[in-house]
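K.L.:
Sharing protein.tsv (TSV, C-alpha atoms) below.
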```
chain	number	residue	atom	x	y	z
A	11	MET	CA	86.98	-37.96	-24.75
A	12	LYS	CA	88.95	-34.74	-24.41
A	13	LYS	CA	89.61	-32.50	-27.39
A	14	LYS	CA	92.39	-30.06	-28.03
A	15	PHE	CA	93.06	-27.42	-30.63
A	16	ASP	CA	94.48	-28.78	-33.89
A	17	LEU	CA	97.26	-26.44	-35.03
A	18	LEU	CA	97.65	-28.14	-38.41
A	19	THR	CA	94.31	-26.86	-39.74
A	20	PRO	CA	94.92	-23.13	-39.23
A	21	SER	CA	98.58	-23.62	-40.19
A	22	GLY	CA	97.51	-25.05	-43.54
A	23	LEU	CA	95.04	-22.23	-44.15
A	24	VAL	CA	97.58	-19.55	-43.24
A	25	LEU	CA	100.30	-21.19	-45.34
A	26	ALA	CA	98.04	-21.34	-48.41
A	27	VAL	CA	97.09	-17.66	-48.12
A	28	ALA	CA	100.69	-16.68	-47.39
A	29	MET	CA	102.00	-18.49	-50.48
A	30	PHE	CA	99.30	-16.89	-52.62
A	31	LEU	CA	100.20	-13.41	-51.36
A	32	PHE	CA	103.92	-14.14	-51.66
A	33	GLY	CA	103.43	-15.08	-55.30
A	34	ILE	CA	101.69	-11.79	-56.00
A	35	ILE	CA	104.18	-9.65	-54.09
A	36	SER	CA	107.24	-11.37	-55.55
A	37	ASN	CA	105.94	-10.67	-59.04
A	38	SER	CA	104.54	-7.15	-58.80
A	39	GLY	CA	105.36	-5.84	-55.33
A	40	SER	CA	102.97	-4.86	-52.57
A	41	THR	CA	101.17	-2.47	-54.89
A	42	GLY	CA	99.99	-5.45	-56.94
A	43	LEU	CA	97.77	-6.61	-54.08
A	44	SER	CA	95.27	-3.84	-54.77
A	45	SER	CA	94.58	-5.38	-58.18
A	46	PHE	CA	93.18	-8.45	-56.46
A	47	ILE	CA	90.69	-6.58	-54.30
A	48	HIS	CA	87.41	-6.21	-56.17
A	49	PHE	CA	84.25	-5.84	-54.12
A	50	PRO	CA	81.69	-6.49	-56.90
A	51	SER	CA	83.37	-9.87	-57.49
A	52	MET	CA	83.20	-10.63	-53.76
A	53	TYR	CA	79.49	-9.81	-53.74
A	54	ILE	CA	78.82	-12.18	-56.62
A	55	VAL	CA	80.76	-15.12	-55.15
A	56	LEU	CA	79.84	-14.74	-51.47
A	57	GLY	CA	76.26	-13.73	-52.17
A	58	GLY	CA	75.71	-16.55	-54.64
A	59	LEU	CA	77.39	-19.05	-52.34
A	60	THR	CA	75.22	-18.04	-49.38
A	61	ALA	CA	72.07	-18.15	-51.48
A	62	GLY	CA	72.99	-21.56	-52.85
A	63	LEU	CA	73.54	-23.01	-49.35
A	64	LEU	CA	70.28	-21.55	-48.05
A	65	THR	CA	68.47	-23.13	-50.98
A	66	SER	CA	70.21	-26.49	-50.62
A	67	PHE	CA	69.88	-27.09	-46.87
A	68	PRO	CA	67.26	-26.56	-44.16
A	69	LEU	CA	67.93	-23.79	-41.67
A	70	LYS	CA	68.62	-26.21	-38.79
A	71	ASP	CA	71.50	-27.73	-40.78
A	72	ILE	CA	72.88	-24.30	-41.72
A	73	LYS	CA	72.95	-23.36	-38.03
A	74	LEU	CA	75.26	-26.33	-37.39
A	75	LEU	CA	77.88	-24.97	-39.82
A	76	PHE	CA	79.87	-23.15	-37.13
A	77	LYS	CA	79.85	-26.25	-34.94
A	78	VAL	CA	81.08	-28.30	-37.89
A	79	LEU	CA	83.85	-25.79	-38.57
A	80	LYS	CA	84.85	-25.94	-34.91
A	81	GLU	CA	85.29	-29.72	-35.23
A	82	ALA	CA	87.74	-29.19	-38.09
A	83	PHE	CA	89.95	-27.15	-35.75
A	84	SER	CA	90.00	-29.73	-32.94
A	85	GLN	CA	91.43	-33.21	-32.46
A	86	ASN	CA	90.68	-36.03	-30.07
A	87	GLU	CA	93.30	-36.87	-27.46
A	88	GLN	CA	92.25	-40.50	-27.13
A	89	GLU	CA	94.98	-42.88	-28.30
A	90	LEU	CA	94.89	-46.59	-29.03
A	91	ASN	CA	97.45	-47.42	-26.34
A	92	GLY	CA	95.38	-45.78	-23.63
A	93	LEU	CA	92.20	-47.37	-24.97
A	94	ILE	CA	93.73	-50.85	-24.82
A	95	ASN	CA	94.99	-50.26	-21.29
A	96	THR	CA	91.50	-49.21	-20.23
A	97	PHE	CA	89.99	-52.49	-21.40
A	98	VAL	CA	92.81	-54.57	-19.95
A	99	ASN	CA	92.13	-52.99	-16.56
A	100	LEU	CA	88.36	-53.49	-16.93
A	101	SER	CA	88.88	-57.11	-17.93
A	102	ASP	CA	91.18	-57.75	-15.00
A	103	ARG	CA	88.70	-56.34	-12.49
A	104	ALA	CA	85.75	-58.17	-14.09
A	105	ARG	CA	87.58	-61.51	-13.76
A	106	ARG	CA	88.51	-60.84	-10.14
A	107	GLU	CA	85.31	-59.25	-8.84
A	108	GLY	CA	82.65	-59.90	-11.48
A	109	LEU	CA	80.96	-57.67	-14.06
A	110	LEU	CA	78.91	-55.81	-11.47
A	111	ALA	CA	82.11	-54.36	-10.02
A	112	LEU	CA	82.61	-52.45	-13.29
A	113	GLU	CA	79.76	-50.06	-12.48
A	114	ALA	CA	82.06	-48.29	-10.05
A	115	GLU	CA	85.09	-48.62	-12.34
A	116	ILE	CA	83.50	-46.86	-15.31
A	117	GLU	CA	82.94	-43.71	-13.26
A	118	ASN	CA	86.58	-42.94	-14.05
A	119	VAL	CA	86.04	-43.41	-17.80
A	120	ASN	CA	85.34	-40.21	-19.76
A	121	ASP	CA	84.21	-41.78	-23.05
A	122	PRO	CA	80.38	-42.14	-23.09
A	123	PHE	CA	80.59	-44.84	-25.78
A	124	ILE	CA	82.73	-47.05	-23.52
A	125	LYS	CA	80.38	-46.38	-20.59
A	126	LYS	CA	77.37	-47.38	-22.63
A	127	GLY	CA	79.01	-50.62	-23.78
A	128	ILE	CA	80.14	-51.62	-20.30
A	129	LEU	CA	76.70	-50.88	-18.81
A	130	LEU	CA	75.10	-53.06	-21.48
A	131	ALA	CA	77.55	-55.82	-20.58
A	132	VAL	CA	76.83	-55.41	-16.86
A	133	ASP	CA	73.10	-55.67	-17.60
A	134	GLY	CA	73.70	-59.09	-19.13
A	135	ILE	CA	72.83	-58.17	-22.71
A	136	GLU	CA	73.90	-60.78	-25.27
A	137	PRO	CA	77.13	-59.99	-27.19
A	138	ASP	CA	75.34	-59.98	-30.56
A	139	VAL	CA	72.77	-57.52	-29.25
A	140	ILE	CA	75.50	-55.29	-27.78
A	141	ASN	CA	77.28	-55.34	-31.12
A	142	ASP	CA	74.05	-54.39	-32.97
A	143	ILE	CA	73.22	-51.56	-30.55
A	144	MET	CA	76.68	-50.05	-30.68
A	145	ASP	CA	76.95	-50.48	-34.45
A	146	ALA	CA	73.65	-48.61	-34.78
A	147	GLU	CA	75.11	-45.75	-32.76
A	148	ILE	CA	78.17	-45.68	-35.02
A	149	SER	CA	75.94	-45.53	-38.10
A	150	ALA	CA	73.94	-42.67	-36.57
A	151	MET	CA	77.18	-40.81	-35.79
A	152	GLU	CA	78.42	-41.28	-39.38
A	153	GLU	CA	75.14	-39.90	-40.72
A	154	ARG	CA	75.35	-36.83	-38.46
A	155	HIS	CA	78.91	-36.21	-39.55
A	156	ARG	CA	77.98	-36.71	-43.19
A	157	LYS	CA	75.25	-34.08	-42.97
A	158	GLY	CA	77.59	-31.54	-41.43
A	159	ARG	CA	80.36	-32.32	-43.89
A	160	SER	CA	77.99	-32.14	-46.87
A	161	ILE	CA	77.53	-28.39	-46.26
A	162	LEU	CA	81.25	-27.79	-46.76
A	163	GLU	CA	81.35	-30.13	-49.74
A	164	ARG	CA	78.43	-28.29	-51.33
A	165	ALA	CA	80.12	-24.97	-50.65
A	166	GLY	CA	83.22	-26.32	-52.40
A	167	GLU	CA	81.07	-27.00	-55.46
A	168	LEU	CA	79.15	-23.72	-55.40
A	169	ALA	CA	82.10	-21.35	-54.93
A	170	PRO	CA	83.81	-22.11	-58.29
A	171	ALA	CA	80.41	-22.21	-60.00
A	172	TRP	CA	79.56	-18.71	-58.82
A	173	GLY	CA	83.04	-17.62	-59.80
A	174	MET	CA	82.25	-18.81	-63.31
A	175	ILE	CA	78.94	-16.93	-63.24
A	176	GLY	CA	80.87	-13.79	-62.35
A	177	THR	CA	83.24	-14.49	-65.23
A	178	LEU	CA	80.35	-14.78	-67.68
A	179	THR	CA	78.84	-11.57	-66.29
A	180	GLY	CA	82.09	-9.71	-66.82
A	181	LEU	CA	82.45	-11.06	-70.36
A	182	VAL	CA	78.92	-10.00	-71.27
A	183	LEU	CA	79.55	-6.48	-69.95
A	184	MET	CA	82.89	-6.33	-71.72
A	185	LEU	CA	81.53	-7.47	-75.10
A	186	LYS	CA	78.57	-5.13	-74.79
A	187	ASN	CA	80.85	-2.12	-74.39
A	188	LEU	CA	83.69	-2.87	-76.76
A	189	ASN	CA	83.22	0.57	-78.28
A	190	ASP	CA	84.18	2.15	-74.93
A	191	PRO	CA	87.77	1.20	-74.10
A	192	THR	CA	87.50	2.64	-70.57
A	193	THR	CA	85.09	-0.13	-69.52
A	194	LEU	CA	87.24	-3.01	-70.72
A	195	GLY	CA	89.52	-3.03	-67.66
A	196	PRO	CA	86.82	-3.08	-64.93
A	197	ASN	CA	84.69	-5.62	-66.79
A	198	MET	CA	87.67	-7.88	-67.41
A	199	ALA	CA	88.50	-7.62	-63.67
A	200	ILE	CA	85.05	-8.97	-62.81
A	201	ALA	CA	85.48	-11.71	-65.41
A	202	LEU	CA	88.78	-12.97	-63.99
A	203	ILE	CA	88.72	-12.18	-60.29
A	204	THR	CA	85.38	-13.83	-59.53
A	205	THR	CA	86.74	-17.14	-60.83
A	206	LEU	CA	89.85	-16.60	-58.72
A	207	TYR	CA	87.81	-15.90	-55.58
A	208	GLY	CA	85.62	-18.94	-56.11
A	209	SER	CA	88.59	-21.24	-56.71
A	210	LEU	CA	90.45	-19.91	-53.67
A	211	LEU	CA	87.49	-20.44	-51.34
A	212	ALA	CA	86.89	-23.94	-52.65
A	213	ASN	CA	90.49	-25.16	-52.65
A	214	ILE	CA	91.84	-23.38	-49.57
A	215	VAL	CA	88.84	-23.54	-47.25
A	216	PHE	CA	85.87	-25.74	-48.09
A	217	ILE	CA	87.35	-28.84	-49.77
A	218	PRO	CA	90.33	-29.21	-47.36
A	219	LEU	CA	88.11	-28.77	-44.29
A	220	ALA	CA	85.62	-31.32	-45.62
A	221	SER	CA	88.48	-33.78	-46.21
A	222	LYS	CA	89.77	-33.17	-42.68
A	223	LEU	CA	86.33	-33.92	-41.23
A	224	ALA	CA	86.03	-37.10	-43.31
A	225	LEU	CA	89.35	-38.36	-41.93
A	226	LYS	CA	88.29	-37.50	-38.37
A	227	THR	CA	85.09	-39.51	-38.87
A	228	GLU	CA	87.04	-42.51	-40.18
A	229	LYS	CA	89.36	-42.41	-37.17
A	230	GLU	CA	86.45	-42.12	-34.75
A	231	VAL	CA	84.66	-45.07	-36.34
A	232	PHE	CA	87.89	-47.09	-36.13
A	233	LEU	CA	88.24	-46.31	-32.41
A	234	LYS	CA	84.61	-47.20	-31.74
A	235	GLN	CA	85.04	-50.56	-33.49
A	236	ILE	CA	87.94	-51.28	-31.13
A	237	ILE	CA	85.73	-50.29	-28.20
A	238	ILE	CA	83.07	-52.78	-29.30
A	239	GLU	CA	85.68	-55.56	-29.45
A	240	GLY	CA	86.91	-54.55	-26.00
A	241	VAL	CA	83.42	-54.49	-24.47
A	242	ILE	CA	82.55	-57.92	-25.83
A	243	GLY	CA	85.92	-59.26	-24.64
A	244	VAL	CA	85.32	-57.93	-21.13
A	245	GLN	CA	81.79	-59.37	-21.03
A	246	SER	CA	82.92	-62.79	-22.20
A	247	GLY	CA	85.51	-62.93	-19.41
A	248	GLN	CA	88.56	-63.07	-21.66
A	249	ASN	CA	91.95	-63.20	-20.01
A	250	PRO	CA	93.35	-59.62	-19.83
A	251	LYS	CA	96.54	-60.68	-21.60
A	252	ILE	CA	94.61	-62.35	-24.42
A	253	LEU	CA	92.35	-59.31	-24.74
A	254	GLU	CA	95.40	-57.06	-24.91
A	255	GLU	CA	96.89	-59.19	-27.69
A	256	LYS	CA	93.56	-59.15	-29.54
A	257	LEU	CA	93.18	-55.38	-29.37
A	258	SER	CA	96.86	-54.83	-30.17
A	259	ALA	CA	96.13	-56.26	-33.61
A	260	PHE	CA	94.66	-52.82	-34.42
A	261	LEU	CA	97.99	-51.14	-33.65
A	262	SER	CA	100.78	-50.43	-36.09
A	263	TYR	CA	104.13	-52.16	-35.61
A	264	LYS	CA	105.67	-48.99	-34.18
A	265	GLU	CA	102.86	-48.62	-31.63
A	266	ARG	CA	103.18	-52.28	-30.57
A	267	VAL	CA	106.93	-51.89	-30.03
A	268	GLY	CA	106.21	-48.80	-27.94
A	269	ILE	CA	103.88	-50.77	-25.67
A	270	GLU	CA	106.40	-53.59	-25.29
A	271	ASP	CA	109.13	-51.10	-24.36
A	272	GLU	CA	106.85	-49.54	-21.73
A	273	GLU	CA	106.06	-52.96	-20.26
A	274	VAL	CA	109.77	-53.88	-20.07
A	275	GLU	CA	110.59	-50.57	-18.40
A	276	GLU	CA	107.73	-50.98	-15.92
A	277	ALA	CA	108.84	-54.52	-15.05
A	278	ALA	CA	112.40	-53.31	-14.49
A	279	GLN	CA	111.19	-50.58	-12.16
A	280	ASN	CA	109.11	-53.08	-10.18
A	281	GLU	CA	112.16	-55.33	-9.72
A	282	ARG	CA	114.08	-52.42	-8.27
```
Let me see the structure of the file written as structure tokens.

P.N.:
Amino acid sequence: MKKKFDLLTPSGLVLAVAMFLFGIISNSGSTGLSSFIHFPSMYIVLGGLTAGLLTSFPLKDIKLLFKVLKEAFSQNEQELNGLINTFVNLSDRARREGLLALEAEIENVNDPFIKKGILLAVDGIEPDVINDIMDAEISAMEERHRKGRSILERAGELAPAWGMIGTLTGLVLMLKNLNDPTTLGPNMAIALITTLYGSLLANIVFIPLASKLALKTEKEVFLKQIIIEGVIGVQSGQNPKILEEKLSAFLSYKERVGIEDEEVEEAAQNER
């Protein structure tokens, strides 16, 4: 299954930052940006966030964070229409030449999950057993994705919490030095900006990326369930047209109409 860069993810991140900066500049000009740069607050939030993640997860899971982030910036090219066509072709060849002929056919298939299912079918494994084996692989995939996603979800919880810790720190310093007016400004900056930094990281980066990964997992599970139905249909020797109708039940109305239009156009070209 090929992957390509997902422009929506970086576009969303850039748009969120741009709107935040635009709000500041439109209110106080470009000089107002300097008021939102406070390194002690960054140390508190980023340092506390890093420490919290290191405490919460084993090192091997932390090392996977960059791989998880990479997944959030990619999308699968596999579409339902192409998936259905693949199984229709496999079913047609299996009915004409037998299941063993599919060993050569699947060399042209890029998806390892489809390959595994077809090879199980060729080996004569019972449909219920194939379903159990492939369902187990889906469950394992969901667990792997959950572990990776949980790091981002935990970061989304820790960032605002450490922002609040910075706020409390600033308030303590401010109240301790009320007799010195010169310290009120810097201490108040720590109190407010750390909460801002934590909220920005959580709501612009960590929570949206975790949600994106959750949706990608749901879509991948959905596609794999269709693959299981297709594999069992091919093994049972279903008529290609019936199998196509069965798998088309997973399509939306718009996608079904698109397939019908393609079939009509192809038939018209053949008549010519």

K.L.:
Hey, what's within 10 Å of segment 28-34 of chain A if we count all atoms listed in the file and toss same-chain stuff fewer than 4 positions away? As a list in words, please?

P.N.:
Gly22, Leu23, Val24, Ser38, Gly39, Ser40, Thr41, Gly42, Leu43, Ser45, Phe46 and Leu210 of chain A

K.L.:
Do you have the atom CA of Phe76 of chain A-atom CA of Ile237 of chain A distance handy?

P.N.:
29.2 Å

K.L.:
Can you pull out every residue within 10 Å of segment 109-112 of chain A, counting only C-alpha atoms, but drop anything in the same chain fewer than 6 positions away, and send it as number ranges by chain?

P.N.:
A: 100-101, 103, 125, 128-129, 131-134, 244-247

K.L.:
Find the distance between atom CA of Met198 of chain A and atom CA of Glu167 of chain A and write it in Å to one decimal.

P.N.:
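According to the coordinates, atom CA of Met198 of chain A and atom CA of Glu167 of chain A are separated by 23.5 Å.
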
K.L.:
Env of segment 179-195 of chain A: 10 Å cut, atoms = only C-alpha atoms, seq-sep filter 5 positions within chain, self excluded. Answer as a list in words.

P.N.:
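Skipping anything fewer than 5 positions along the chain leaves Ser51, Ile54, Gly173, Met174, Ile200, Ala201, Leu202, Ile203 and Thr204 of chain A.
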
K.L.:
Write to file, as an mmCIF file, in the coordinates of the input, the residues of the selection just made, with C-alpha atoms.

P.N.:
```cif
data_model
loop_
_atom_site.group_PDB
_atom_site.id
_atom_site.type_symbol
_atom_site.label_atom_id
_atom_site.label_comp_id
_atom_site.auth_asym_id
_atom_site.auth_seq_id
_atom_site.Cartn_x
_atom_site.Cartn_y
_atom_site.Cartn_z
ATOM 1 C CA SER A 51 83.370 -9.870 -57.490
ATOM 2 C CA ILE A 54 78.820 -12.180 -56.620
ATOM 3 C CA GLY A 173 83.040 -17.620 -59.800
ATOM 4 C CA MET A 174 82.250 -18.810 -63.310
ATOM 5 C CA ILE A 200 85.050 -8.970 -62.810
ATOM 6 C CA ALA A 201 85.480 -11.710 -65.410
ATOM 7 C CA LEU A 202 88.780 -12.970 -63.990
ATOM 8 C CA ILE A 203 88.720 -12.180 -60.290
ATOM 9 C CA THR A 204 85.380 -13.830 -59.530
#
```

K.L.:
List as a list in words: which residues have an atom within 9 Å of (81.4, -57.3, -27.5), counting only C-alpha atoms?

P.N.:
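Selection result: Gly127, Ala131, Glu136, Pro137, Asp138, Val139, Ile140, Asn141, Ile237, Ile238, Glu239, Gly240, Val241, Ile242, Gly243, Val244, Gln245 and Ser246 of chain A.
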
K.L.:
Give me, as a list in words, all polymer residues having an atom no more than 10 Å from Met144 of chain A, counting all atoms listed in the file and skipping those fewer than 6 positions away in the same chain.

P.N.:
Phe123, Ile124, Lys126, Gly127, Leu130, Ala150, Lys234, Gln235, Ile237 and Ile238 of chain A

K.L.:
For each of A:Ser84, A:Ser149, A:Asn213, A:Ser258, take the minimum atom-to-atom distance to Phe97 of chain A, counting all atoms listed in the file, then give the residue where this is smallest.

P.N.:
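Smallest separation from Phe97 of chain A among the options: A:Ser258.
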
K.L.:
Which is closer to Glu153 of chain A than all the others in A:Asp102, A:Val231, A:Ser36, A:Ala165, using all atoms listed in the file?

P.N.:
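So, comparing all the options, the nearest one is A:Val231.
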
K.L.:
Find the residues around Gly62 of chain A up to 10 Å (all atoms listed in the file counted), leave out those fewer than 3 positions away in its own chain, and share them as a PyMOL selection string.

P.N.:
chain A and resi 56-59+65-67+164-165+168-169+172

K.L.:
Looking at A:Thr60, A:Ser221, A:Gln85, A:Ser21, which one is nearest to Arg156 of chain A, with distances taken over only C-alpha atoms?

P.N.:
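Counting only C-alpha atoms, the residue closest to Arg156 of chain A is A:Ser221.
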
K.L.:
Go ahead and compute the interatomic distance for atom CA of Ile214 of chain A and atom CA of Met151 of chain A, in Å to one decimal.

P.N.:
26.6 Å

K.L.:
When distances are computed from all atoms listed in the file, which of A:Ile47, A:Leu219, A:Ile175, A:Leu63 shows the smallest separation from Leu79 of chain A?

P.N.:
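That would be A:Leu219, the residue with the smallest distance to Leu79 of chain A.
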
K.L.:
Between A:Leu225, A:Ala104, A:Val98, A:Leu18, which residue has the minimum interatomic distance to Glu255 of chain A, considering all atoms listed in the file?

P.N.:
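Under the stated criterion, the closest residue is A:Val98.
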
K.L.:
Which of these, A:Leu90, A:Ile161, A:Ala199, A:Val215, has the shortest distance to Ile236 of chain A once you count all atoms listed in the file?

P.N.:
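The closest residue to Ile236 of chain A is A:Leu90.
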
K.L.:
Enclose the full set of atoms of segment 109-112 of chain A listed in the file within a box whose edges lie along x, y and z, apply 5 Å of padding to each of the six sides, and report centre and edge lengths in Å to one decimal as lines of an AutoDock Vina configuration file.

P.N.:
```
center_x = 80.8
center_y = -55.1
center_z = -12.0
size_x = 13.7
size_y = 15.2
size_z = 14.0
```
